[in-house]
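Q: To be precise about what I am sending: the file is called query.txt and holds compact mmCIF, N, CA and C atoms.
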# COMPACT_ATOMS: atom_id res chain seq x y z
N MET A 1 -159.27 132.86 27.50
CA MET A 1 -158.74 133.10 28.82
C MET A 1 -159.62 132.40 29.85
N ILE A 2 -158.99 132.01 30.94
CA ILE A 2 -159.65 131.21 31.96
C ILE A 2 -159.74 132.00 33.27
N LYS A 3 -160.94 132.12 33.82
CA LYS A 3 -161.09 132.83 35.10
C LYS A 3 -160.90 131.86 36.25
N THR A 4 -160.23 132.35 37.30
CA THR A 4 -160.04 131.60 38.53
C THR A 4 -159.84 132.59 39.67
N THR A 5 -159.56 132.08 40.84
CA THR A 5 -159.29 132.94 41.99
C THR A 5 -157.96 132.56 42.62
N LEU A 6 -157.36 133.51 43.33
CA LEU A 6 -156.14 133.26 44.09
C LEU A 6 -156.41 133.57 45.55
N PRO A 7 -155.88 132.73 46.46
CA PRO A 7 -156.06 133.01 47.89
C PRO A 7 -155.13 134.15 48.33
N THR A 8 -155.69 135.16 48.96
CA THR A 8 -154.91 136.28 49.47
C THR A 8 -155.38 136.57 50.90
N PHE A 9 -154.93 137.68 51.44
CA PHE A 9 -155.33 138.04 52.79
C PHE A 9 -155.34 139.55 52.91
N GLU A 10 -156.01 140.02 53.94
CA GLU A 10 -156.01 141.45 54.24
C GLU A 10 -155.85 141.59 55.75
N THR A 11 -154.88 142.39 56.17
CA THR A 11 -154.63 142.58 57.59
C THR A 11 -154.92 144.03 57.96
N SER A 12 -155.61 144.20 59.07
CA SER A 12 -155.90 145.54 59.58
C SER A 12 -155.68 145.56 61.08
N LEU A 13 -155.62 146.75 61.63
CA LEU A 13 -155.43 146.93 63.06
C LEU A 13 -156.78 147.21 63.71
N ASP A 14 -157.14 146.39 64.67
CA ASP A 14 -158.35 146.64 65.44
C ASP A 14 -158.00 147.72 66.45
N GLU A 15 -158.56 148.91 66.25
CA GLU A 15 -158.22 150.07 67.08
C GLU A 15 -158.61 149.87 68.55
N LYS A 16 -159.66 149.12 68.81
CA LYS A 16 -160.09 148.91 70.19
C LYS A 16 -159.15 147.98 70.95
N THR A 17 -158.80 146.85 70.30
CA THR A 17 -157.96 145.87 70.99
C THR A 17 -156.47 146.05 70.70
N LYS A 18 -156.16 146.86 69.70
CA LYS A 18 -154.77 147.10 69.27
C LYS A 18 -154.10 145.81 68.78
N LYS A 19 -154.91 144.91 68.22
CA LYS A 19 -154.41 143.65 67.67
C LYS A 19 -154.63 143.61 66.17
N LEU A 20 -153.76 142.87 65.50
CA LEU A 20 -153.91 142.69 64.06
C LEU A 20 -155.01 141.67 63.79
N VAL A 21 -155.82 141.99 62.80
CA VAL A 21 -156.89 141.11 62.37
C VAL A 21 -156.63 140.76 60.90
N THR A 22 -156.48 139.48 60.64
CA THR A 22 -156.23 139.03 59.28
C THR A 22 -157.44 138.27 58.76
N VAL A 23 -157.88 138.67 57.57
CA VAL A 23 -159.05 138.06 56.95
C VAL A 23 -158.62 137.44 55.63
N ASP A 24 -158.99 136.18 55.44
CA ASP A 24 -158.71 135.52 54.17
C ASP A 24 -159.61 136.11 53.09
N LYS A 25 -159.03 136.28 51.90
CA LYS A 25 -159.76 136.81 50.75
C LYS A 25 -159.39 135.99 49.53
N GLU A 26 -160.07 136.23 48.47
CA GLU A 26 -159.72 135.68 47.17
C GLU A 26 -159.84 136.81 46.16
N ILE A 27 -158.93 136.84 45.21
CA ILE A 27 -159.04 137.80 44.12
C ILE A 27 -159.36 137.04 42.84
N VAL A 28 -160.13 137.67 42.00
CA VAL A 28 -160.47 137.08 40.70
C VAL A 28 -159.38 137.46 39.71
N VAL A 29 -158.89 136.45 38.99
CA VAL A 29 -157.86 136.67 37.98
C VAL A 29 -158.23 135.90 36.72
N THR A 30 -157.60 136.29 35.64
CA THR A 30 -157.76 135.59 34.38
C THR A 30 -156.41 135.04 33.96
N ILE A 31 -156.37 133.78 33.59
CA ILE A 31 -155.14 133.15 33.10
C ILE A 31 -155.04 133.45 31.61
N ASP A 32 -153.96 134.11 31.23
CA ASP A 32 -153.73 134.50 29.84
C ASP A 32 -152.54 133.72 29.30
N THR A 33 -152.80 132.72 28.46
CA THR A 33 -151.72 131.92 27.90
C THR A 33 -151.33 132.38 26.50
N SER A 34 -151.71 133.59 26.15
CA SER A 34 -151.37 134.13 24.84
C SER A 34 -149.89 134.51 24.81
N LEU A 35 -149.43 134.97 23.67
CA LEU A 35 -148.05 135.42 23.53
C LEU A 35 -147.72 136.60 24.42
N PHE A 36 -148.74 137.31 24.88
CA PHE A 36 -148.49 138.44 25.76
C PHE A 36 -147.86 138.00 27.08
N ALA A 37 -148.15 136.78 27.53
CA ALA A 37 -147.52 136.27 28.75
C ALA A 37 -146.00 136.19 28.57
N GLU A 38 -145.57 135.74 27.42
CA GLU A 38 -144.12 135.68 27.13
C GLU A 38 -143.53 137.09 27.07
N GLN A 39 -144.27 138.04 26.53
CA GLN A 39 -143.78 139.42 26.49
C GLN A 39 -143.61 139.97 27.89
N ARG A 40 -144.56 139.68 28.77
CA ARG A 40 -144.44 140.12 30.17
C ARG A 40 -143.23 139.49 30.84
N TRP A 41 -142.98 138.23 30.54
CA TRP A 41 -141.81 137.52 31.06
C TRP A 41 -140.52 138.23 30.64
N GLU A 42 -140.41 138.53 29.37
CA GLU A 42 -139.21 139.19 28.85
C GLU A 42 -139.05 140.60 29.40
N ALA A 43 -140.15 141.32 29.56
CA ALA A 43 -140.09 142.70 30.05
C ALA A 43 -139.79 142.78 31.55
N ASN A 44 -140.38 141.88 32.32
CA ASN A 44 -140.24 141.94 33.77
C ASN A 44 -139.08 141.14 34.34
N PHE A 45 -138.66 140.10 33.65
CA PHE A 45 -137.61 139.23 34.16
C PHE A 45 -136.60 138.90 33.06
N PRO A 46 -135.91 139.93 32.54
CA PRO A 46 -135.01 139.71 31.41
C PRO A 46 -133.86 138.75 31.71
N HIS A 47 -133.40 138.72 32.95
CA HIS A 47 -132.31 137.80 33.31
C HIS A 47 -132.74 136.35 33.11
N ASN A 48 -133.95 136.02 33.52
CA ASN A 48 -134.48 134.68 33.32
C ASN A 48 -134.81 134.43 31.84
N ALA A 49 -135.38 135.44 31.20
CA ALA A 49 -135.85 135.28 29.83
C ALA A 49 -134.71 135.06 28.84
N LYS A 50 -133.52 135.54 29.16
CA LYS A 50 -132.42 135.34 28.21
C LYS A 50 -131.99 133.87 28.17
N ASN A 51 -132.37 133.10 29.20
CA ASN A 51 -131.97 131.70 29.26
C ASN A 51 -133.05 130.72 28.81
N GLU A 52 -134.32 131.10 28.98
CA GLU A 52 -135.38 130.17 28.60
C GLU A 52 -136.72 130.91 28.49
N THR A 53 -137.62 130.30 27.74
CA THR A 53 -138.95 130.86 27.61
C THR A 53 -139.72 130.69 28.91
N LEU A 54 -140.79 131.41 29.03
CA LEU A 54 -141.63 131.30 30.22
C LEU A 54 -142.20 129.89 30.36
N PHE A 55 -142.66 129.31 29.26
CA PHE A 55 -143.21 127.96 29.32
C PHE A 55 -142.16 126.94 29.70
N ALA A 56 -140.94 127.09 29.18
CA ALA A 56 -139.85 126.19 29.54
C ALA A 56 -139.49 126.33 31.02
N TYR A 57 -139.55 127.55 31.52
CA TYR A 57 -139.24 127.83 32.92
C TYR A 57 -140.21 127.09 33.85
N ILE A 58 -141.50 127.20 33.59
CA ILE A 58 -142.45 126.54 34.50
C ILE A 58 -142.43 125.03 34.33
N GLU A 59 -142.18 124.56 33.12
CA GLU A 59 -142.09 123.12 32.93
C GLU A 59 -140.86 122.56 33.64
N ARG A 60 -139.75 123.27 33.57
CA ARG A 60 -138.53 122.83 34.26
C ARG A 60 -138.76 122.79 35.76
N MET A 61 -139.39 123.82 36.30
CA MET A 61 -139.66 123.83 37.74
C MET A 61 -140.58 122.67 38.13
N ARG A 62 -141.58 122.41 37.31
CA ARG A 62 -142.49 121.30 37.60
C ARG A 62 -141.75 119.97 37.54
N ASP A 63 -140.91 119.79 36.52
CA ASP A 63 -140.17 118.54 36.37
C ASP A 63 -139.16 118.32 37.49
N GLU A 64 -138.62 119.42 38.02
CA GLU A 64 -137.68 119.31 39.14
C GLU A 64 -138.41 119.04 40.45
N GLY A 65 -139.72 119.15 40.43
CA GLY A 65 -140.52 118.89 41.62
C GLY A 65 -140.37 119.95 42.70
N LYS A 66 -140.07 121.18 42.30
CA LYS A 66 -139.81 122.24 43.26
C LYS A 66 -140.95 123.24 43.38
N ILE A 67 -142.16 122.80 43.15
CA ILE A 67 -143.28 123.69 43.40
C ILE A 67 -143.65 123.51 44.87
N ASP A 68 -142.93 124.22 45.70
CA ASP A 68 -143.13 124.12 47.14
C ASP A 68 -142.95 125.49 47.78
N THR A 69 -143.10 125.56 49.08
CA THR A 69 -143.05 126.84 49.76
C THR A 69 -141.67 127.49 49.71
N VAL A 70 -140.61 126.71 49.59
CA VAL A 70 -139.26 127.26 49.55
C VAL A 70 -139.02 128.05 48.27
N HIS A 71 -139.64 127.64 47.20
CA HIS A 71 -139.40 128.23 45.88
C HIS A 71 -140.55 129.13 45.42
N VAL A 72 -141.35 129.60 46.35
CA VAL A 72 -142.57 130.32 45.98
C VAL A 72 -142.29 131.60 45.19
N LEU A 73 -141.24 132.35 45.50
CA LEU A 73 -140.97 133.58 44.76
C LEU A 73 -140.68 133.31 43.29
N SER A 74 -139.91 132.28 43.00
CA SER A 74 -139.65 131.92 41.61
C SER A 74 -140.93 131.59 40.88
N HIS A 75 -141.83 130.91 41.57
CA HIS A 75 -143.09 130.54 40.96
C HIS A 75 -144.01 131.74 40.79
N LEU A 76 -143.94 132.67 41.72
CA LEU A 76 -144.76 133.88 41.58
C LEU A 76 -144.33 134.70 40.37
N LYS A 77 -143.04 134.70 40.05
CA LYS A 77 -142.57 135.40 38.84
C LYS A 77 -143.29 134.87 37.61
N ALA A 78 -143.31 133.55 37.48
CA ALA A 78 -143.95 132.94 36.32
C ALA A 78 -145.46 133.15 36.35
N LEU A 79 -146.04 132.94 37.52
CA LEU A 79 -147.49 133.11 37.65
C LEU A 79 -147.92 134.52 37.27
N TYR A 80 -147.17 135.51 37.73
CA TYR A 80 -147.47 136.91 37.44
C TYR A 80 -147.59 137.16 35.94
N CYS A 81 -146.76 136.52 35.17
CA CYS A 81 -146.77 136.75 33.71
C CYS A 81 -148.02 136.20 33.04
N PHE A 82 -148.66 135.23 33.65
CA PHE A 82 -149.84 134.61 33.06
C PHE A 82 -151.16 135.19 33.56
N LEU A 83 -151.10 136.02 34.59
CA LEU A 83 -152.35 136.48 35.21
C LEU A 83 -152.66 137.93 34.93
N GLU A 84 -153.93 138.20 34.80
CA GLU A 84 -154.43 139.56 34.69
C GLU A 84 -155.57 139.70 35.69
N GLY A 85 -155.66 140.89 36.30
CA GLY A 85 -156.74 141.13 37.25
C GLY A 85 -156.67 142.54 37.79
N ASP A 86 -157.78 143.00 38.29
CA ASP A 86 -157.86 144.36 38.81
C ASP A 86 -156.94 144.59 40.00
N ASP A 87 -156.62 143.53 40.74
CA ASP A 87 -155.79 143.67 41.93
C ASP A 87 -154.30 143.52 41.64
N ILE A 88 -153.93 143.36 40.39
CA ILE A 88 -152.53 143.15 40.01
C ILE A 88 -152.03 144.34 39.22
N ALA A 89 -151.41 145.30 39.90
CA ALA A 89 -150.89 146.49 39.23
C ALA A 89 -149.48 146.25 38.69
N ASP A 90 -148.64 145.63 39.49
CA ASP A 90 -147.26 145.34 39.10
C ASP A 90 -146.77 144.16 39.94
N PHE A 91 -145.54 143.72 39.72
CA PHE A 91 -145.05 142.53 40.41
C PHE A 91 -144.96 142.76 41.92
N LYS A 92 -144.56 143.94 42.32
CA LYS A 92 -144.46 144.24 43.76
C LYS A 92 -145.83 144.09 44.43
N SER A 93 -146.84 144.74 43.87
CA SER A 93 -148.17 144.66 44.48
C SER A 93 -148.72 143.24 44.40
N PHE A 94 -148.37 142.50 43.36
CA PHE A 94 -148.78 141.10 43.24
C PHE A 94 -148.21 140.28 44.39
N CYS A 95 -146.92 140.41 44.65
CA CYS A 95 -146.28 139.66 45.74
C CYS A 95 -146.84 140.04 47.10
N GLN A 96 -147.21 141.28 47.26
CA GLN A 96 -147.74 141.74 48.54
C GLN A 96 -149.14 141.21 48.85
N LEU A 97 -149.76 140.55 47.89
CA LEU A 97 -151.07 139.95 48.11
C LEU A 97 -151.00 138.68 48.94
N PHE A 98 -149.79 138.11 49.08
CA PHE A 98 -149.65 136.79 49.67
C PHE A 98 -148.85 136.83 50.97
N ASN A 99 -149.22 135.93 51.89
CA ASN A 99 -148.59 135.86 53.19
C ASN A 99 -147.67 134.64 53.22
N THR A 100 -146.36 134.88 53.32
CA THR A 100 -145.42 133.77 53.36
C THR A 100 -145.07 133.36 54.78
N VAL A 101 -145.58 134.07 55.77
CA VAL A 101 -145.30 133.75 57.17
C VAL A 101 -146.28 132.69 57.67
N ASP A 102 -147.51 132.79 57.26
CA ASP A 102 -148.55 131.86 57.69
C ASP A 102 -148.49 130.60 56.84
N GLY A 103 -148.14 129.48 57.45
CA GLY A 103 -148.00 128.22 56.72
C GLY A 103 -149.26 127.76 56.03
N LYS A 104 -150.40 127.97 56.66
CA LYS A 104 -151.68 127.55 56.07
C LYS A 104 -151.96 128.32 54.78
N ARG A 105 -151.82 129.63 54.83
CA ARG A 105 -152.08 130.45 53.65
C ARG A 105 -151.06 130.16 52.54
N LEU A 106 -149.82 129.95 52.94
CA LEU A 106 -148.78 129.66 51.95
C LEU A 106 -149.03 128.31 51.28
N ALA A 107 -149.47 127.33 52.04
CA ALA A 107 -149.79 126.02 51.46
C ALA A 107 -150.93 126.13 50.45
N LEU A 108 -151.93 126.95 50.76
CA LEU A 108 -153.03 127.17 49.81
C LEU A 108 -152.53 127.80 48.51
N LEU A 109 -151.62 128.76 48.65
CA LEU A 109 -151.05 129.41 47.48
C LEU A 109 -150.25 128.43 46.63
N VAL A 110 -149.44 127.61 47.27
CA VAL A 110 -148.64 126.62 46.54
C VAL A 110 -149.54 125.67 45.77
N GLU A 111 -150.61 125.21 46.39
CA GLU A 111 -151.53 124.31 45.70
C GLU A 111 -152.18 125.00 44.50
N LYS A 112 -152.51 126.28 44.66
CA LYS A 112 -153.12 127.02 43.55
C LYS A 112 -152.10 127.21 42.42
N ILE A 113 -150.85 127.50 42.77
CA ILE A 113 -149.80 127.63 41.76
C ILE A 113 -149.68 126.34 40.96
N LYS A 114 -149.65 125.21 41.64
CA LYS A 114 -149.56 123.91 40.96
C LYS A 114 -150.72 123.74 39.98
N ALA A 115 -151.92 124.05 40.44
CA ALA A 115 -153.11 123.88 39.59
C ALA A 115 -153.06 124.79 38.37
N VAL A 116 -152.67 126.04 38.57
CA VAL A 116 -152.60 126.99 37.45
C VAL A 116 -151.52 126.56 36.46
N PHE A 117 -150.36 126.13 36.96
CA PHE A 117 -149.30 125.68 36.06
C PHE A 117 -149.74 124.48 35.23
N GLU A 118 -150.48 123.57 35.83
CA GLU A 118 -150.98 122.42 35.08
C GLU A 118 -151.92 122.88 33.96
N ILE A 119 -152.78 123.83 34.26
CA ILE A 119 -153.69 124.38 33.25
C ILE A 119 -152.88 125.00 32.12
N ILE A 120 -151.87 125.78 32.49
CA ILE A 120 -151.05 126.47 31.50
C ILE A 120 -150.30 125.48 30.63
N LEU A 121 -149.66 124.50 31.26
CA LEU A 121 -148.87 123.53 30.50
C LEU A 121 -149.74 122.62 29.65
N ASP A 122 -150.94 122.35 30.10
CA ASP A 122 -151.86 121.54 29.30
C ASP A 122 -152.38 122.30 28.09
N SER A 123 -152.34 123.64 28.15
CA SER A 123 -152.90 124.43 27.05
C SER A 123 -151.85 124.95 26.09
N ALA A 124 -150.58 124.65 26.34
CA ALA A 124 -149.53 125.20 25.49
C ALA A 124 -148.42 124.18 25.26
N THR A 125 -147.63 124.43 24.23
CA THR A 125 -146.46 123.60 23.93
C THR A 125 -145.24 124.35 24.38
N THR A 126 -144.32 123.66 25.04
CA THR A 126 -143.08 124.28 25.51
C THR A 126 -142.06 124.30 24.38
N ASP A 127 -141.40 125.45 24.23
CA ASP A 127 -140.37 125.62 23.23
C ASP A 127 -139.19 126.34 23.89
N SER A 128 -138.17 125.58 24.31
CA SER A 128 -137.03 126.16 25.04
C SER A 128 -136.14 126.97 24.13
N LYS A 129 -135.49 127.99 24.73
CA LYS A 129 -134.45 128.73 24.03
C LYS A 129 -133.15 127.99 24.24
N ASN A 130 -132.33 127.97 23.22
CA ASN A 130 -131.01 127.33 23.28
C ASN A 130 -130.89 126.38 24.42
Reformat the file's structure so that it appears as structure tokens.
A:
Amino acid sequence: MIKTTLPTFETSLDEKTKKLVTVDKEIVVTIDTSLFAEQRWEANFPHNAKNETLFAYIERMRDEGKIDTVHVLSHLKALYCFLEGDDIADFKSFCQLFNTVDGKRLALLVEKIKAVFEIILDSATTDSKN
């Protein structure tokens, strides 16, 4: 397994100024390319899993060139299946770690997704379903 970090954020209310304060953070995660990633894919996203394997899904997205901010939720589904970490309880809490409103933070996330997918695809062979 490979350790890395993901860019996240934390927002709080400054009680004195009554303004939101957002602080950039990073969470430590482990990339798990074992068969358990495929099991998480099938358990959490059965609609997608009935059509293709997790590895085929990310390779198809990469080949289509759609690793961008518009398609970030689709990419988070795949990323979630490969990651383990103390800050990742379930898919909902995983998605809530990221800010899709702030273009700068979203761009950082997209770049990290690209990098992680390259690591994953370089370490595994894709085997599509039907």
Q: Which polymer residues, whether protein, DNA or RNA, lie within 8 Å of the coordinate (-151.7, 133.5, 28.3) when you count all atoms listed in the file? List them as a PDB file with N, CA and C atoms, in the coordinates of the input, using the chain letters and numbers from the file.
A:
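Resulting contents of part_35.pdb:
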ATOM      1  N   MET A   1    -159.270 132.860  27.500  1.00  0.00           N
ATOM      2  CA  MET A   1    -158.740 133.100  28.820  1.00  0.00           C
ATOM      3  C   MET A   1    -159.620 132.400  29.850  1.00  0.00           C
ATOM      4  N   ILE A   2    -158.990 132.010  30.940  1.00  0.00           N
ATOM      5  CA  ILE A   2    -159.650 131.210  31.960  1.00  0.00           C
ATOM      6  C   ILE A   2    -159.740 132.000  33.270  1.00  0.00           C
ATOM      7  N   THR A  30    -157.600 136.290  35.640  1.00  0.00           N
ATOM      8  CA  THR A  30    -157.760 135.590  34.380  1.00  0.00           C
ATOM      9  C   THR A  30    -156.410 135.040  33.960  1.00  0.00           C
ATOM     10  N   ILE A  31    -156.370 133.780  33.590  1.00  0.00           N
ATOM     11  CA  ILE A  31    -155.140 133.150  33.100  1.00  0.00           C
ATOM     12  C   ILE A  31    -155.040 133.450  31.610  1.00  0.00           C
ATOM     13  N   ASP A  32    -153.960 134.110  31.230  1.00  0.00           N
ATOM     14  CA  ASP A  32    -153.730 134.500  29.840  1.00  0.00           C
ATOM     15  C   ASP A  32    -152.540 133.720  29.300  1.00  0.00           C
ATOM     16  N   THR A  33    -152.800 132.720  28.460  1.00  0.00           N
ATOM     17  CA  THR A  33    -151.720 131.920  27.900  1.00  0.00           C
ATOM     18  C   THR A  33    -151.330 132.380  26.500  1.00  0.00           C
ATOM     19  N   SER A  34    -151.710 133.590  26.150  1.00  0.00           N
ATOM     20  CA  SER A  34    -151.370 134.130  24.840  1.00  0.00           C
ATOM     21  C   SER A  34    -149.890 134.510  24.810  1.00  0.00           C
ATOM     22  N   LEU A  35    -149.430 134.970  23.670  1.00  0.00           N
ATOM     23  CA  LEU A  35    -148.050 135.420  23.530  1.00  0.00           C
ATOM     24  C   LEU A  35    -147.720 136.600  24.420  1.00  0.00           C
ATOM     25  N   PHE A  36    -148.740 137.310  24.880  1.00  0.00           N
ATOM     26  CA  PHE A  36    -148.490 138.440  25.760  1.00  0.00           C
ATOM     27  C   PHE A  36    -147.860 138.000  27.080  1.00  0.00           C
ATOM     28  N   ALA A  37    -148.150 136.780  27.530  1.00  0.00           N
ATOM     29  CA  ALA A  37    -147.520 136.270  28.750  1.00  0.00           C
ATOM     30  C   ALA A  37    -146.000 136.190  28.570  1.00  0.00           C
ATOM     31  N   GLU A  38    -145.570 135.740  27.420  1.00  0.00           N
ATOM     32  CA  GLU A  38    -144.120 135.680  27.130  1.00  0.00           C
ATOM     33  C   GLU A  38    -143.530 137.090  27.070  1.00  0.00           C
ATOM     34  N   CYS A  81    -146.760 136.520  35.170  1.00  0.00           N
ATOM     35  CA  CYS A  81    -146.770 136.750  33.710  1.00  0.00           C
ATOM     36  C   CYS A  81    -148.020 136.200  33.040  1.00  0.00           C
ATOM     37  N   PHE A  82    -148.660 135.230  33.650  1.00  0.00           N
ATOM     38  CA  PHE A  82    -149.840 134.610  33.060  1.00  0.00           C
ATOM     39  C   PHE A  82    -151.160 135.190  33.560  1.00  0.00           C
ATOM     40  N   LEU A  83    -151.100 136.020  34.590  1.00  0.00           N
ATOM     41  CA  LEU A  83    -152.350 136.480  35.210  1.00  0.00           C
ATOM     42  C   LEU A  83    -152.660 137.930  34.930  1.00  0.00           C
ATOM     43  N   ILE A 120    -151.870 125.780  32.490  1.00  0.00           N
ATOM     44  CA  ILE A 120    -151.050 126.470  31.500  1.00  0.00           C
ATOM     45  C   ILE A 120    -150.300 125.480  30.630  1.00  0.00           C
TER      46      ILE A 120
END
Q: Which is closer to Met61 (chain A) than all the others in A:Val28, A:Val101, A:Ala78, A:Ile88, using only C-alpha atoms?
A: A:Ala78
Q: I'd like to know which of A:Val110, A:Leu97, A:Val116, A:Ala49 is closest to Asp24 (chain A), using only C-alpha atoms.
A: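 Result for the nearest residue to Asp24 (chain A): A:Leu97.
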Q: Record the distance separating CA of Glu118 (chain A) and CA of Ile58 (chain A), expressed in Å with one decimal.
A: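 Separation between CA of Glu118 (chain A) and CA of Ile58 (chain A): 9.5 Å.
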Q: Out of A:Glu64, A:Glu26, A:Glu111, A:Glu84, which residue has the shortest atom-to-atom distance to Phe9 (chain A) when counting all atoms listed in the file?
A: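 Between A:Glu64, A:Glu26, A:Glu111, A:Glu84, the residue approaching Phe9 (chain A) most closely is A:Glu26.
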Q: Quick one, how far is atom C of Thr100 (chain A) from atom N of His71 (chain A)?
A: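 For atom C of Thr100 (chain A) relative to atom N of His71 (chain A), the distance reads 10.9 Å.
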Q: Determine the axis-aligned bounding box of all atoms of region 23-31 of chain A present in the file, pad each side by 4 Å, and express its centre and edge lengths in Å to one decimal place as lines of an AutoDock Vina configuration file.
A:
center_x = -157.8
center_y = 135.9
center_z = 44.6
size_x = 13.4
size_y = 13.5
size_z = 34.0
Q: Determine which residues of chain A receive a DSSP assignment of strand (DSSP E or B), computed from the backbone, and state them as a PyMOL selection string.
A: chain A and resi 2-14+19-31+83-84
Q: Which of chain A end up as alpha helix (DSSP H) when DSSP is run on this backbone - answer as an NGL selection string?
A: :A and (35-44 or 46-49 or 54-64 or 72-82 or 91-95 or 103-123)
Q: What is the distance between atom N of Pro7 (chain A) and atom N of Pro46 (chain A), in Å to one decimal?
A: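 That distance, rounded to one decimal, is 25.4 Å.
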Q: Have a look at A:Lys77, A:Lys104, A:Thr8, A:Glu15 and name the one nearest to Trp41 (chain A); count all atoms listed in the file.
A: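 Closest candidate: A:Lys77.
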Q: Restricting the calculation to only N, CA and C atoms, which member of A:Leu6, A:Val72, A:Ala89, A:Leu20 is positioned closest to Leu108 (chain A)?
A: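 For Leu108 (chain A), the nearest of the candidates is A:Leu6.
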